[in-house]
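Undergrad: Have a peek at final-v9.cif (mmCIF, C-alpha atoms).
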data_protein
#
loop_
_atom_site.label_atom_id
_atom_site.label_comp_id
_atom_site.auth_asym_id
_atom_site.auth_seq_id
_atom_site.Cartn_x
_atom_site.Cartn_y
_atom_site.Cartn_z
CA SER R 1 -81.76 -22.74 -43.49
CA LEU R 2 -79.69 -22.30 -46.62
CA ASP R 3 -82.79 -21.22 -48.58
CA GLN R 4 -83.47 -18.46 -46.08
CA ALA R 5 -79.82 -17.31 -46.09
CA VAL R 6 -79.96 -16.95 -49.88
CA THR R 7 -82.98 -14.59 -49.61
CA TYR R 8 -80.71 -12.02 -47.93
CA ASN R 9 -78.54 -12.01 -51.08
CA PRO R 10 -75.21 -12.20 -49.22
CA LYS R 11 -71.84 -12.24 -50.92
CA VAL R 12 -70.73 -15.25 -48.86
CA ILE R 13 -72.45 -17.94 -46.80
CA ILE R 14 -70.25 -19.76 -44.28
CA LEU R 15 -71.51 -23.10 -42.91
CA ASP R 16 -70.77 -23.88 -39.26
CA HIS R 17 -70.58 -27.42 -37.79
CA PHE R 18 -70.24 -28.86 -41.30
CA ARG R 19 -69.14 -32.25 -40.00
CA PHE R 20 -70.18 -35.11 -37.78
CA TYR R 21 -70.24 -34.31 -34.08
CA GLY R 22 -67.10 -34.45 -31.95
CA HIS R 23 -65.37 -32.17 -29.42
CA TRP R 24 -62.35 -31.31 -31.56
CA GLU R 25 -61.75 -28.29 -29.30
CA THR R 26 -60.78 -30.63 -26.47
CA LEU R 27 -58.35 -32.80 -28.43
CA LYS R 28 -56.52 -35.27 -26.18
CA GLY R 29 -53.21 -35.98 -27.90
CA THR R 30 -54.48 -37.17 -31.28
CA HIS R 31 -57.91 -38.28 -30.01
CA ILE R 32 -61.08 -36.23 -30.53
CA PRO R 33 -63.49 -36.86 -27.62
CA ASN R 34 -67.25 -37.43 -27.87
CA ILE R 35 -67.38 -38.52 -31.51
CA HIS R 36 -70.86 -39.21 -32.86
CA GLN R 37 -71.34 -42.97 -32.60
CA ALA R 38 -72.76 -44.88 -35.54
CA CYS R 39 -76.53 -44.60 -35.57
CA ASN R 40 -79.28 -45.97 -37.85
CA PHE R 41 -78.65 -43.12 -40.30
CA CYS R 42 -74.85 -43.30 -40.61
CA LYS R 43 -74.00 -46.89 -39.76
CA GLY R 44 -71.77 -48.42 -42.44
CA LYS R 45 -71.40 -45.15 -44.37
CA ASN R 46 -68.18 -43.35 -45.22
CA ARG R 47 -68.52 -40.14 -43.26
CA ALA R 48 -66.18 -38.13 -45.47
CA GLU R 49 -68.11 -39.15 -48.58
CA GLU R 50 -71.42 -38.24 -46.90
CA ILE R 51 -70.15 -34.77 -45.92
CA ALA R 52 -68.65 -34.24 -49.41
CA GLU R 53 -72.00 -35.15 -50.98
CA LEU R 54 -73.77 -32.75 -48.66
CA ALA R 55 -71.29 -30.05 -49.74
CA ARG R 56 -72.08 -30.66 -53.41
CA PHE R 57 -75.79 -30.44 -52.64
CA ALA R 58 -75.37 -27.19 -50.65
CA LYS R 59 -73.38 -25.65 -53.50
CA SER R 60 -76.13 -26.61 -55.98
CA GLN R 61 -78.71 -24.78 -53.87
CA ILE R 62 -77.19 -21.31 -54.03
CA PRO R 63 -76.74 -18.88 -56.92
CA SER R 64 -73.29 -18.89 -58.48
CA GLU R 65 -72.63 -15.28 -57.44
CA ILE R 66 -72.81 -16.24 -53.75
CA ARG R 67 -69.62 -17.78 -52.44
CA LEU R 68 -69.92 -20.77 -50.12
CA GLY R 69 -67.55 -21.52 -47.26
CA TYR R 70 -67.28 -23.69 -44.16
CA PHE R 71 -65.59 -23.61 -40.78
CA ALA R 72 -62.70 -26.07 -40.98
CA VAL R 73 -61.46 -28.07 -38.01
CA PRO R 74 -57.74 -27.11 -37.93
CA PHE R 75 -55.96 -30.45 -37.93
CA ILE R 76 -53.75 -32.20 -40.44
CA PRO R 77 -55.37 -35.58 -41.19
CA GLN R 78 -52.08 -37.48 -40.90
CA GLU R 79 -51.74 -36.17 -37.33
CA VAL R 80 -55.41 -36.54 -36.33
CA PRO R 81 -57.01 -39.27 -38.52
CA GLN R 82 -60.39 -38.82 -36.80
CA LEU R 83 -60.76 -35.52 -38.67
CA VAL R 84 -61.65 -37.45 -41.82
CA ASP R 85 -62.65 -40.86 -40.48
CA ASP R 86 -65.04 -39.74 -37.74
CA LEU R 87 -65.81 -36.04 -38.26
CA GLY R 88 -65.95 -36.55 -42.03
CA GLN R 89 -64.07 -33.33 -42.80
CA ASP R 90 -61.84 -34.22 -45.74
CA HIS R 91 -60.63 -30.73 -46.63
CA GLN R 92 -59.23 -31.80 -49.98
CA ALA R 93 -62.57 -33.30 -51.04
CA LEU R 94 -64.56 -30.38 -49.62
CA GLY R 95 -62.39 -27.90 -51.49
CA LYS R 96 -64.03 -29.12 -54.70
CA SER R 97 -67.41 -27.73 -53.61
CA PHE R 98 -66.53 -24.73 -51.47
CA ASP R 99 -65.29 -21.33 -52.63
CA ILE R 100 -63.61 -20.28 -49.39
CA ILE R 101 -62.42 -22.11 -46.28
CA ASN R 102 -62.34 -20.73 -42.74
CA PRO R 103 -60.08 -22.77 -40.45
CA MET R 104 -60.78 -22.20 -36.75
CA LEU R 105 -57.16 -21.59 -35.81
CA TYR R 106 -57.60 -21.17 -32.08
CA HIS R 107 -53.94 -22.02 -31.51
CA ARG R 108 -53.99 -21.89 -27.71
CA MET R 109 -57.10 -24.05 -27.49
CA ILE R 110 -55.45 -26.79 -29.56
CA HIS R 111 -52.07 -26.35 -27.85
CA LYS R 112 -50.16 -25.14 -30.90
CA PRO R 113 -47.60 -22.34 -31.24
CA VAL R 114 -48.57 -19.12 -33.01
CA SER R 115 -46.52 -20.28 -36.02
CA TYR R 116 -49.05 -23.09 -36.58
CA ILE R 117 -51.51 -20.48 -37.88
CA SER R 118 -49.55 -19.64 -41.03
CA GLU R 119 -48.32 -23.22 -41.42
CA TYR R 120 -51.88 -24.52 -41.41
CA VAL R 121 -53.13 -21.82 -43.78
CA SER R 122 -50.41 -22.85 -46.25
CA PHE R 123 -51.24 -26.53 -45.81
CA LEU R 124 -54.96 -25.94 -46.39
CA SER R 125 -54.33 -23.69 -49.38
CA ASN R 126 -52.02 -26.28 -50.95
CA ILE R 127 -54.47 -29.17 -50.65
CA THR R 128 -57.62 -27.24 -51.63
CA GLN R 129 -56.38 -24.51 -53.99
CA LYS R 130 -59.04 -22.26 -52.42
CA PRO R 131 -58.91 -18.90 -50.62
CA ILE R 132 -58.27 -19.35 -46.90
CA LEU R 133 -59.65 -16.90 -44.33
CA PRO R 134 -58.47 -18.03 -40.87
CA ILE R 135 -60.39 -17.39 -37.67
CA LEU R 136 -58.39 -16.41 -34.57
CA GLN R 137 -59.29 -16.62 -30.90
CA VAL R 138 -59.76 -13.34 -29.10
CA LYS R 139 -59.58 -14.90 -25.62
CA ASP R 140 -58.71 -18.16 -23.94
CA MET R 141 -61.41 -20.77 -24.44
CA PRO R 142 -63.43 -22.52 -23.13
CA ASP R 143 -65.05 -19.76 -21.10
CA TYR R 144 -64.15 -21.22 -17.70
CA LEU R 145 -60.44 -20.60 -18.34
CA PRO R 146 -58.89 -17.35 -17.12
CA ASP R 147 -58.01 -15.21 -20.12
CA THR R 148 -54.23 -14.84 -20.41
CA LEU R 149 -54.12 -14.13 -24.16
CA THR R 150 -52.09 -10.93 -24.34
CA GLU R 151 -52.21 -8.08 -26.81
CA ASN R 152 -48.73 -9.02 -28.00
CA GLU R 153 -49.75 -12.61 -28.73
CA MET R 154 -52.90 -11.40 -30.50
CA LYS R 155 -50.69 -9.22 -32.72
CA GLN R 156 -48.41 -12.19 -33.44
CA ALA R 157 -51.41 -14.39 -34.29
CA TYR R 158 -52.78 -11.73 -36.62
CA GLN R 159 -49.42 -11.35 -38.39
CA LYS R 160 -49.24 -15.12 -38.93
CA ALA R 161 -52.88 -15.24 -40.04
CA ILE R 162 -52.56 -12.61 -42.77
CA LYS R 163 -49.36 -14.06 -44.19
CA PRO R 164 -49.90 -15.25 -47.80
CA PRO R 165 -51.62 -17.33 -49.04
CA SER R 166 -54.21 -16.13 -46.49
CA ILE R 167 -56.80 -13.62 -47.71
CA GLY R 168 -57.19 -11.95 -44.29
CA ALA R 169 -58.22 -12.78 -40.74
CA VAL R 170 -61.35 -12.95 -38.59
CA TRP R 171 -61.54 -12.70 -34.79
CA PHE R 172 -63.76 -15.02 -32.77
CA SER R 173 -65.75 -13.55 -31.24
CA TRP R 174 -66.86 -9.95 -30.96
CA ASP R 175 -68.80 -10.86 -27.81
CA GLY R 176 -65.56 -12.21 -26.35
CA ALA R 177 -63.69 -9.05 -27.32
CA VAL R 178 -66.33 -6.91 -25.59
CA GLU R 179 -66.37 -9.18 -22.53
CA LYS R 180 -62.57 -9.04 -22.15
CA ASN R 181 -62.22 -5.35 -23.11
CA LYS R 182 -60.24 -6.19 -26.24
CA THR R 183 -62.17 -4.22 -28.86
CA GLN R 184 -59.56 -1.45 -28.91
CA ILE R 185 -56.79 -4.03 -29.26
CA ILE R 186 -58.53 -5.48 -32.32
CA HIS R 187 -59.03 -1.99 -33.74
CA ASN R 188 -55.34 -1.21 -33.24
CA ILE R 189 -54.26 -4.51 -34.82
CA PHE R 190 -56.50 -4.03 -37.87
CA THR R 191 -55.20 -0.47 -38.39
CA ILE R 192 -51.47 -1.24 -38.12
#
The structure given in the file should be rewritten as structure tokens.
TA:
Amino acid sequence: SLDQAVTYNPKVIILDHFRFYGHWETLKGTHIPNIHQACNFCKGKNRAEEIAELARFAKSQIPSEIRLGYFAVPFIPQEVPQLVDDLGQDHQALGKSFDIINPMLYHRMIHKPVSYISEYVSFLSNITQKPILPILQVKDMPDYLPDTLTENEMKQAYQKAIKPPSIGAVWFSWDGAVEKNKTQIIHNIFTI
């Protein structure tokens, strides 16, 4: 819980799955599969407004010295309207409550070129005016896919990810890096 996280006195708390349910990772064209269907609790409600209200509440529950962030689904709303309409992730509205935003820029998973990483960071920074710390994939996902993500492409992704206005880069996940013997690659990339 958020209360428990605060007891550890972290510098930053990042909220995962801060949205309505949907398999954004398996986007089909511009359609997000398996969207949460209207239930007794959300029927007739504006999902983006509900998530924005929850963000305001979360921010009110933590001390001001702790920064609050969330994992952002990496789509531009004009291209994938379900981001806001069904998942409820209106990045512009959420930027009013969050201190940092972490887009999950798994470019291969969402079938985008490496250049999309820096393009999306700029887009998100422009609409939120918040620090952006992108998350990069360390292997091909989902797990059943053979991993063909090369060291060279990882380096390219990292270079795009740290390009201003980004404040850095995060790799997802360390377990994946260990599993695919890529820990040394990450070390080398971070020490370039």
Undergrad: Let me know the residues the PyMOL selection byres ((chain R and resi 48-60) around 6) catches in the file above, as a PyMOL selection string.
TA: chain R and resi 46-47+61-62+84+88-90+94+97
Undergrad: Give me the residues within 7 Å of Pro74 (chain R) as a list in words, counting all atoms listed in the file and dropping any in the same chain fewer than 4 places off.
TA: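 So, after excluding close chain neighbours, the residues are Pro103, Met104 and Leu105 of chain R.
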Undergrad: Considering only C-alpha atoms, can you say which of R:Lys130, R:Lys180, R:Lys96, R:Arg108 comes closest to Pro165 (chain R)?
TA: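 Looking only at the distances to Pro165 (chain R), the closest residue turns out to be R:Lys130.
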Undergrad: Between CA of Pro131 (chain R) and CA of Pro10 (chain R), what is the spacing in Å?
TA: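 Pair CA of Pro10 (chain R) / CA of Pro131 (chain R) returns 17.7 Å.
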Undergrad: Measure the distance from CA of Lys139 (chain R) to CA of His36 (chain R) in Å and round it to one decimal.
TA: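 Interatomic distance here is 27.8 Å.
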Undergrad: Check what the PyMOL selection byres ((chain R and resi 151) around 12) selects in the file above and give those residues as a PDB file with C-alpha atoms, in the frame of the given file.
TA:
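Output below, filename selection-v3.pdb:
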ATOM      1  CA  GLN R 137     -59.290 -16.620 -30.900  1.00  0.00           C
ATOM      2  CA  VAL R 138     -59.760 -13.340 -29.100  1.00  0.00           C
ATOM      3  CA  LYS R 139     -59.580 -14.900 -25.620  1.00  0.00           C
ATOM      4  CA  ASP R 147     -58.010 -15.210 -20.120  1.00  0.00           C
ATOM      5  CA  THR R 148     -54.230 -14.840 -20.410  1.00  0.00           C
ATOM      6  CA  LEU R 149     -54.120 -14.130 -24.160  1.00  0.00           C
ATOM      7  CA  THR R 150     -52.090 -10.930 -24.340  1.00  0.00           C
ATOM      8  CA  ASN R 152     -48.730  -9.020 -28.000  1.00  0.00           C
ATOM      9  CA  GLU R 153     -49.750 -12.610 -28.730  1.00  0.00           C
ATOM     10  CA  MET R 154     -52.900 -11.400 -30.500  1.00  0.00           C
ATOM     11  CA  LYS R 155     -50.690  -9.220 -32.720  1.00  0.00           C
ATOM     12  CA  GLN R 156     -48.410 -12.190 -33.440  1.00  0.00           C
ATOM     13  CA  ALA R 157     -51.410 -14.390 -34.290  1.00  0.00           C
ATOM     14  CA  TYR R 158     -52.780 -11.730 -36.620  1.00  0.00           C
ATOM     15  CA  ALA R 177     -63.690  -9.050 -27.320  1.00  0.00           C
ATOM     16  CA  LYS R 180     -62.570  -9.040 -22.150  1.00  0.00           C
ATOM     17  CA  ASN R 181     -62.220  -5.350 -23.110  1.00  0.00           C
ATOM     18  CA  LYS R 182     -60.240  -6.190 -26.240  1.00  0.00           C
ATOM     19  CA  THR R 183     -62.170  -4.220 -28.860  1.00  0.00           C
ATOM     20  CA  GLN R 184     -59.560  -1.450 -28.910  1.00  0.00           C
ATOM     21  CA  ILE R 185     -56.790  -4.030 -29.260  1.00  0.00           C
ATOM     22  CA  ILE R 186     -58.530  -5.480 -32.320  1.00  0.00           C
ATOM     23  CA  HIS R 187     -59.030  -1.990 -33.740  1.00  0.00           C
ATOM     24  CA  ASN R 188     -55.340  -1.210 -33.240  1.00  0.00           C
ATOM     25  CA  ILE R 189     -54.260  -4.510 -34.820  1.00  0.00           C
TER      26      ILE R 189
END
Undergrad: Residue by residue, what does the PyMOL selection byres ((chain R and resi 67) around 10) grab here? Present the result as a PyMOL selection string.
TA: chain R and resi 10-14+59+62-66+68-69+98-100
Undergrad: Would you kindly return, as JSON, numbers by chain, each protein, DNA or RNA residue with an atom no farther than 12 Å from any atom of Lys112 (chain R), considering only C-alpha atoms and excluding same-chain residues fewer than 6 positions away?
TA: {"R": [27, 29, 74, 75, 105, 106, 118, 119, 120, 157]}
Undergrad: Emit as AutoDock Vina command-line options the padded axis-aligned box for all listed atoms of region 8-22 of chain R, 4 Å per side, with centre and edge lengths in Å to one decimal.
TA:
--center_x -73.9 --center_y -23.6 --center_z -41.5 --size_x 21.6 --size_y 31.1 --size_z 27.1
Undergrad: To one decimal place in Å, what is the distance between CA of Thr26 (chain R) and CA of Lys160 (chain R)?
TA: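 So the two atoms, CA of Thr26 (chain R) and CA of Lys160 (chain R), lie 23.0 Å apart.
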Undergrad: For Tyr116 (chain R), which residue out of R:Met141, R:Ala161, R:Ile101, R:Ile132 is the nearest one, using all atoms listed in the file?
TA: R:Ala161
Undergrad: Restricting the calculation to all atoms listed in the file: of R:Ile167, R:Leu136, R:Cys42, R:Ile127, which residue gets closest to Ala93 (chain R)?
TA: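 Going through R:Ile167, R:Leu136, R:Cys42, R:Ile127 one by one, the smallest distance to Ala93 (chain R) is for R:Ile127.
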Undergrad: Please identify all polymer residues within 6 Å of Leu133 (chain R), counting all atoms listed in the file, omitting same-chain residues fewer than 4 positions from it, and present them as a PyMOL selection string.
TA: chain R and resi 102+166-169
Undergrad: With distances taken over all atoms listed in the file, which of R:Lys43, R:Lys28, R:Arg19, R:His107 is nearest to Leu83 (chain R)?
TA: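 The answer is R:Arg19, which sits nearest to Leu83 (chain R).
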Undergrad: Pick out the residues sitting within 7 Å of Gly22 (chain R), and hand them over as a CSV table (one decimal) with C-alpha atoms, in the frame of the given file; count all atoms listed in the file, and ignore anything fewer than 5 positions along from it in its own chain.
TA:
chain,number,residue,atom,x,y,z
R,32,ILE,CA,-61.1,-36.2,-30.5
R,33,PRO,CA,-63.5,-36.9,-27.6
R,34,ASN,CA,-67.2,-37.4,-27.9
R,35,ILE,CA,-67.4,-38.5,-31.5
R,36,HIS,CA,-70.9,-39.2,-32.9
R,87,LEU,CA,-65.8,-36.0,-38.3
Undergrad: Point out the residue among R:Val6, R:Phe20, R:Ile162, R:Glu25 with the least atom-to-atom distance to Phe41 (chain R), counting all atoms listed in the file.
TA: R:Phe20
Undergrad: Smallest atom-to-atom distance to Tyr70 (chain R): which of R:Phe190, R:Phe123, R:Trp174, R:Phe18, using only C-alpha atoms?
TA: R:Phe18
Undergrad: Add whatever atoms are absent from region 17-48 of chain R to reach N, CA and C atoms, and provide the output as a short mmCIF file (atom, residue, chain, number, x, y, z; two decimals), in the frame of the given file.
TA:
data_model
loop_
_atom_site.label_atom_id
_atom_site.label_comp_id
_atom_site.auth_asym_id
_atom_site.auth_seq_id
_atom_site.Cartn_x
_atom_site.Cartn_y
_atom_site.Cartn_z
N HIS R 17 -70.34 -26.02 -38.19
CA HIS R 17 -70.58 -27.42 -37.79
C HIS R 17 -70.82 -28.31 -39.01
N PHE R 18 -70.08 -28.08 -40.07
CA PHE R 18 -70.24 -28.86 -41.30
C PHE R 18 -69.39 -30.13 -41.18
N ARG R 19 -69.88 -31.04 -40.33
CA ARG R 19 -69.14 -32.25 -40.00
C ARG R 19 -70.01 -33.10 -39.10
N PHE R 20 -69.56 -34.30 -38.81
CA PHE R 20 -70.18 -35.11 -37.78
C PHE R 20 -69.74 -34.56 -36.43
N TYR R 21 -70.49 -34.85 -35.41
CA TYR R 21 -70.24 -34.31 -34.08
C TYR R 21 -68.97 -34.90 -33.45
N GLY R 22 -68.28 -34.06 -32.72
CA GLY R 22 -67.10 -34.45 -31.95
C GLY R 22 -66.51 -33.20 -31.31
N HIS R 23 -65.95 -33.32 -30.12
CA HIS R 23 -65.37 -32.17 -29.42
C HIS R 23 -63.91 -31.96 -29.84
N TRP R 24 -63.70 -31.53 -31.07
CA TRP R 24 -62.35 -31.31 -31.56
C TRP R 24 -61.61 -30.27 -30.72
N GLU R 25 -62.36 -29.35 -30.10
CA GLU R 25 -61.75 -28.29 -29.30
C GLU R 25 -61.05 -28.82 -28.06
N THR R 26 -61.38 -30.05 -27.67
CA THR R 26 -60.78 -30.63 -26.47
C THR R 26 -59.92 -31.84 -26.83
N LEU R 27 -59.23 -31.73 -27.95
CA LEU R 27 -58.35 -32.80 -28.43
C LEU R 27 -57.45 -33.31 -27.31
N LYS R 28 -57.38 -34.63 -27.18
CA LYS R 28 -56.52 -35.27 -26.18
C LYS R 28 -55.43 -36.02 -26.93
N GLY R 29 -54.28 -35.38 -27.09
CA GLY R 29 -53.21 -35.98 -27.90
C GLY R 29 -53.64 -35.94 -29.36
N THR R 30 -53.96 -37.11 -29.91
CA THR R 30 -54.48 -37.17 -31.28
C THR R 30 -55.91 -37.70 -31.30
N HIS R 31 -56.55 -37.73 -30.13
CA HIS R 31 -57.91 -38.28 -30.01
C HIS R 31 -58.93 -37.15 -29.83
N ILE R 32 -59.98 -37.19 -30.65
CA ILE R 32 -61.08 -36.23 -30.53
C ILE R 32 -62.17 -36.87 -29.67
N PRO R 33 -62.47 -36.29 -28.51
CA PRO R 33 -63.49 -36.86 -27.62
C PRO R 33 -64.92 -36.69 -28.16
N ASN R 34 -65.80 -37.52 -27.64
CA ASN R 34 -67.25 -37.43 -27.87
C ASN R 34 -67.65 -37.46 -29.34
N ILE R 35 -67.03 -38.34 -30.10
CA ILE R 35 -67.38 -38.52 -31.51
C ILE R 35 -68.78 -39.11 -31.60
N HIS R 36 -69.53 -38.65 -32.60
CA HIS R 36 -70.86 -39.21 -32.86
C HIS R 36 -70.71 -40.70 -33.17
N GLN R 37 -71.39 -41.52 -32.39
CA GLN R 37 -71.34 -42.97 -32.60
C GLN R 37 -72.27 -43.36 -33.74
N ALA R 38 -71.94 -44.42 -34.42
CA ALA R 38 -72.76 -44.88 -35.54
C ALA R 38 -74.20 -45.08 -35.09
N CYS R 39 -75.10 -44.50 -35.86
CA CYS R 39 -76.53 -44.60 -35.57
C CYS R 39 -77.22 -45.24 -36.78
N ASN R 40 -78.53 -45.36 -36.73
CA ASN R 40 -79.28 -45.97 -37.85
C ASN R 40 -79.07 -45.22 -39.16
N PHE R 41 -78.78 -43.93 -39.10
CA PHE R 41 -78.65 -43.12 -40.30
C PHE R 41 -77.24 -43.15 -40.92
N CYS R 42 -76.22 -43.36 -40.08
CA CYS R 42 -74.85 -43.30 -40.61
C CYS R 42 -74.09 -44.62 -40.53
N LYS R 43 -74.68 -45.62 -39.93
CA LYS R 43 -74.00 -46.89 -39.76
C LYS R 43 -73.58 -47.47 -41.11
N GLY R 44 -72.30 -47.82 -41.22
CA GLY R 44 -71.77 -48.42 -42.44
C GLY R 44 -71.45 -47.44 -43.55
N LYS R 45 -71.66 -46.16 -43.32
CA LYS R 45 -71.40 -45.15 -44.37
C LYS R 45 -70.03 -44.51 -44.16
N ASN R 46 -69.44 -44.08 -45.26
CA ASN R 46 -68.18 -43.35 -45.22
C ASN R 46 -68.52 -41.90 -44.90
N ARG R 47 -68.13 -41.47 -43.72
CA ARG R 47 -68.52 -40.14 -43.26
C ARG R 47 -67.98 -39.02 -44.15
N ALA R 48 -66.75 -39.16 -44.61
CA ALA R 48 -66.18 -38.13 -45.47
C ALA R 48 -66.94 -38.03 -46.78
#
